[in-house]
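In what follows, a single structure is set out as structure tokens and then discussed.
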Amino acid sequence: MLAPGEHVIVSAYFDADVGQWRPFGVFTVRDGRVIHLESRLDVPDYESVAQFARALADPPPTPQR
């Protein structure tokens with residue numbers, strides 16, 4: 001559940017190999033860290049928004065659990 005005023009990042013990337021959008025993850029930003037919220041996706045937390053932005057520029061595979 002989201003708290004009133006909480007901000008989240010929902011992201012996806014287009015996988016040209018299969019012609020589909022793939023989930024990258026659902027995250028929140030807390031104390032400068034980007035924390036994953038979706039437990040079904042095997043994605044890491046990020047130590048900074050800059051680290052997260054670098055990951056978005058070159059998305060890793062996102063397997064589902």
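All residue names refer to the structure tokens as shown: chains lettered A, B, ... in order, residues numbered from 1 in each chain, ligands numbered from 1 in order.
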Who sits within 7 Å of segment 25-36 of chain A, only C-alpha atoms, same chain under 2 positions skipped, as an mmCIF file with C-alpha atoms, in the first residue's frame:
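After the write, around-v1.cif holds the following:
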```
data_model
loop_
_atom_site.group_PDB
_atom_site.id
_atom_site.type_symbol
_atom_site.label_atom_id
_atom_site.label_comp_id
_atom_site.auth_asym_id
_atom_site.auth_seq_id
_atom_site.Cartn_x
_atom_site.Cartn_y
_atom_site.Cartn_z
ATOM 1 C CA HIS A 7 6.113 8.839 -4.681
ATOM 2 C CA VAL A 8 6.972 5.747 -6.670
ATOM 3 C CA ILE A 9 8.810 5.024 -9.905
ATOM 4 C CA VAL A 10 7.235 2.485 -12.267
ATOM 5 C CA SER A 11 9.411 1.620 -15.219
ATOM 6 C CA ALA A 12 9.568 -0.716 -18.193
ATOM 7 C CA PRO A 23 8.863 -4.559 -16.460
ATOM 8 C CA GLU A 38 7.667 -5.396 -6.280
ATOM 9 C CA LEU A 41 10.504 -9.093 -9.938
ATOM 10 C CA VAL A 43 15.535 -6.470 -9.163
ATOM 11 C CA PRO A 44 18.032 -4.870 -6.781
ATOM 12 C CA ASP A 45 17.881 -1.756 -4.657
ATOM 13 C CA TYR A 46 20.093 1.150 -5.726
ATOM 14 C CA GLU A 47 22.327 3.201 -3.458
ATOM 15 C CA SER A 48 21.504 6.459 -5.251
ATOM 16 C CA VAL A 49 19.203 7.989 -7.832
ATOM 17 C CA PHE A 52 19.330 3.915 -10.690
#
```
key: Filtered DSSP result for segment 8-59 of chain A, state alpha helix (DSSP H), as a list in words   =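 Everything in segment 8-59 of chain A that counts as alpha helix (DSSP H) is Val49, Ala50, Gln51, Phe52, Ala53, Arg54, Ala55, Leu56 and Ala57 of chain A.
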inquiry  = as number ranges by chain, please: every residue in chain A that a backbone DSSP assignment puts in strand (DSSP E or B).
reply    = A: 8-15, 20-30, 33-36, 41, 46, 64
Store the residues of this selection in a file with N, CA and C atoms, as a PDB file, in the first residue's frame.
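Okay, this is what ended up in out-v1.pdb:
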```
ATOM      1  N   VAL A   8       6.378   6.984  -6.189  1.00  0.00           N
ATOM      2  CA  VAL A   8       6.972   5.747  -6.670  1.00  0.00           C
ATOM      3  C   VAL A   8       7.425   5.928  -8.117  1.00  0.00           C
ATOM      4  N   ILE A   9       8.333   5.066  -8.533  1.00  0.00           N
ATOM      5  CA  ILE A   9       8.810   5.024  -9.905  1.00  0.00           C
ATOM      6  C   ILE A   9       8.375   3.679 -10.475  1.00  0.00           C
ATOM      7  N   VAL A  10       7.630   3.701 -11.564  1.00  0.00           N
ATOM      8  CA  VAL A  10       7.235   2.485 -12.267  1.00  0.00           C
ATOM      9  C   VAL A  10       7.905   2.559 -13.630  1.00  0.00           C
ATOM     10  N   SER A  11       8.668   1.538 -13.969  1.00  0.00           N
ATOM     11  CA  SER A  11       9.411   1.620 -15.219  1.00  0.00           C
ATOM     12  C   SER A  11       9.353   0.304 -15.990  1.00  0.00           C
ATOM     13  N   ALA A  12       9.530   0.438 -17.294  1.00  0.00           N
ATOM     14  CA  ALA A  12       9.568  -0.716 -18.193  1.00  0.00           C
ATOM     15  C   ALA A  12      10.516  -0.369 -19.333  1.00  0.00           C
ATOM     16  N   TYR A  13      10.928  -1.376 -20.056  1.00  0.00           N
ATOM     17  CA  TYR A  13      11.761  -1.150 -21.236  1.00  0.00           C
ATOM     18  C   TYR A  13      11.254  -2.026 -22.364  1.00  0.00           C
ATOM     19  N   PHE A  14      11.487  -1.587 -23.583  1.00  0.00           N
ATOM     20  CA  PHE A  14      11.033  -2.340 -24.747  1.00  0.00           C
ATOM     21  C   PHE A  14      12.100  -3.351 -25.117  1.00  0.00           C
ATOM     22  N   ASP A  15      11.751  -4.630 -25.086  1.00  0.00           N
ATOM     23  CA  ASP A  15      12.653  -5.716 -25.459  1.00  0.00           C
ATOM     24  C   ASP A  15      12.444  -5.989 -26.946  1.00  0.00           C
ATOM     25  N   GLN A  20       8.191  -6.803 -27.084  1.00  0.00           N
ATOM     26  CA  GLN A  20       7.301  -6.560 -25.943  1.00  0.00           C
ATOM     27  C   GLN A  20       7.940  -5.607 -24.952  1.00  0.00           C
ATOM     28  N   TRP A  21       7.075  -4.914 -24.222  1.00  0.00           N
ATOM     29  CA  TRP A  21       7.536  -4.129 -23.075  1.00  0.00           C
ATOM     30  C   TRP A  21       7.744  -5.081 -21.917  1.00  0.00           C
ATOM     31  N   ARG A  22       8.842  -4.920 -21.211  1.00  0.00           N
ATOM     32  CA  ARG A  22       9.168  -5.749 -20.050  1.00  0.00           C
ATOM     33  C   ARG A  22       9.231  -4.863 -18.813  1.00  0.00           C
ATOM     34  N   PRO A  23       8.772  -5.369 -17.679  1.00  0.00           N
ATOM     35  CA  PRO A  23       8.863  -4.559 -16.460  1.00  0.00           C
ATOM     36  C   PRO A  23      10.311  -4.413 -16.028  1.00  0.00           C
ATOM     37  N   PHE A  24      10.689  -3.221 -15.638  1.00  0.00           N
ATOM     38  CA  PHE A  24      12.003  -3.001 -15.031  1.00  0.00           C
ATOM     39  C   PHE A  24      11.845  -3.007 -13.523  1.00  0.00           C
ATOM     40  N   GLY A  25      10.707  -2.519 -13.043  1.00  0.00           N
ATOM     41  CA  GLY A  25      10.467  -2.562 -11.614  1.00  0.00           C
ATOM     42  C   GLY A  25       9.567  -1.460 -11.118  1.00  0.00           C
ATOM     43  N   VAL A  26       9.242  -1.554  -9.838  1.00  0.00           N
ATOM     44  CA  VAL A  26       8.460  -0.547  -9.120  1.00  0.00           C
ATOM     45  C   VAL A  26       9.304  -0.178  -7.907  1.00  0.00           C
ATOM     46  N   PHE A  27       9.588   1.111  -7.760  1.00  0.00           N
ATOM     47  CA  PHE A  27      10.533   1.563  -6.742  1.00  0.00           C
ATOM     48  C   PHE A  27       9.993   2.772  -5.996  1.00  0.00           C
ATOM     49  N   THR A  28      10.546   3.007  -4.814  1.00  0.00           N
ATOM     50  CA  THR A  28      10.335   4.237  -4.077  1.00  0.00           C
ATOM     51  C   THR A  28      11.704   4.820  -3.739  1.00  0.00           C
ATOM     52  N   VAL A  29      11.747   6.109  -3.476  1.00  0.00           N
ATOM     53  CA  VAL A  29      13.001   6.756  -3.100  1.00  0.00           C
ATOM     54  C   VAL A  29      12.923   7.110  -1.626  1.00  0.00           C
ATOM     55  N   ARG A  30      13.873   6.581  -0.853  1.00  0.00           N
ATOM     56  CA  ARG A  30      13.923   6.843   0.587  1.00  0.00           C
ATOM     57  C   ARG A  30      15.351   7.192   0.977  1.00  0.00           C
ATOM     58  N   ARG A  33      18.110   6.651  -1.506  1.00  0.00           N
ATOM     59  CA  ARG A  33      18.230   5.306  -2.087  1.00  0.00           C
ATOM     60  C   ARG A  33      16.976   4.993  -2.882  1.00  0.00           C
ATOM     61  N   VAL A  34      17.106   4.178  -3.905  1.00  0.00           N
ATOM     62  CA  VAL A  34      15.965   3.732  -4.703  1.00  0.00           C
ATOM     63  C   VAL A  34      15.713   2.275  -4.316  1.00  0.00           C
ATOM     64  N   ILE A  35      14.557   2.037  -3.684  1.00  0.00           N
ATOM     65  CA  ILE A  35      14.221   0.748  -3.078  1.00  0.00           C
ATOM     66  C   ILE A  35      13.128   0.062  -3.896  1.00  0.00           C
ATOM     67  N   HIS A  36      13.340  -1.220  -4.231  1.00  0.00           N
ATOM     68  CA  HIS A  36      12.322  -1.931  -5.014  1.00  0.00           C
ATOM     69  C   HIS A  36      11.112  -2.256  -4.137  1.00  0.00           C
ATOM     70  N   LEU A  41       9.434  -9.372  -8.990  1.00  0.00           N
ATOM     71  CA  LEU A  41      10.504  -9.093  -9.938  1.00  0.00           C
ATOM     72  C   LEU A  41      11.834  -9.148  -9.212  1.00  0.00           C
ATOM     73  N   TYR A  46      19.008   0.314  -5.227  1.00  0.00           N
ATOM     74  CA  TYR A  46      20.093   1.150  -5.726  1.00  0.00           C
ATOM     75  C   TYR A  46      20.505   2.127  -4.652  1.00  0.00           C
ATOM     76  N   GLN A  64      11.130 -12.782 -13.532  1.00  0.00           N
ATOM     77  CA  GLN A  64      10.067 -12.828 -12.528  1.00  0.00           C
ATOM     78  C   GLN A  64      10.301 -14.024 -11.633  1.00  0.00           C
TER      79      GLN A  64
END
```
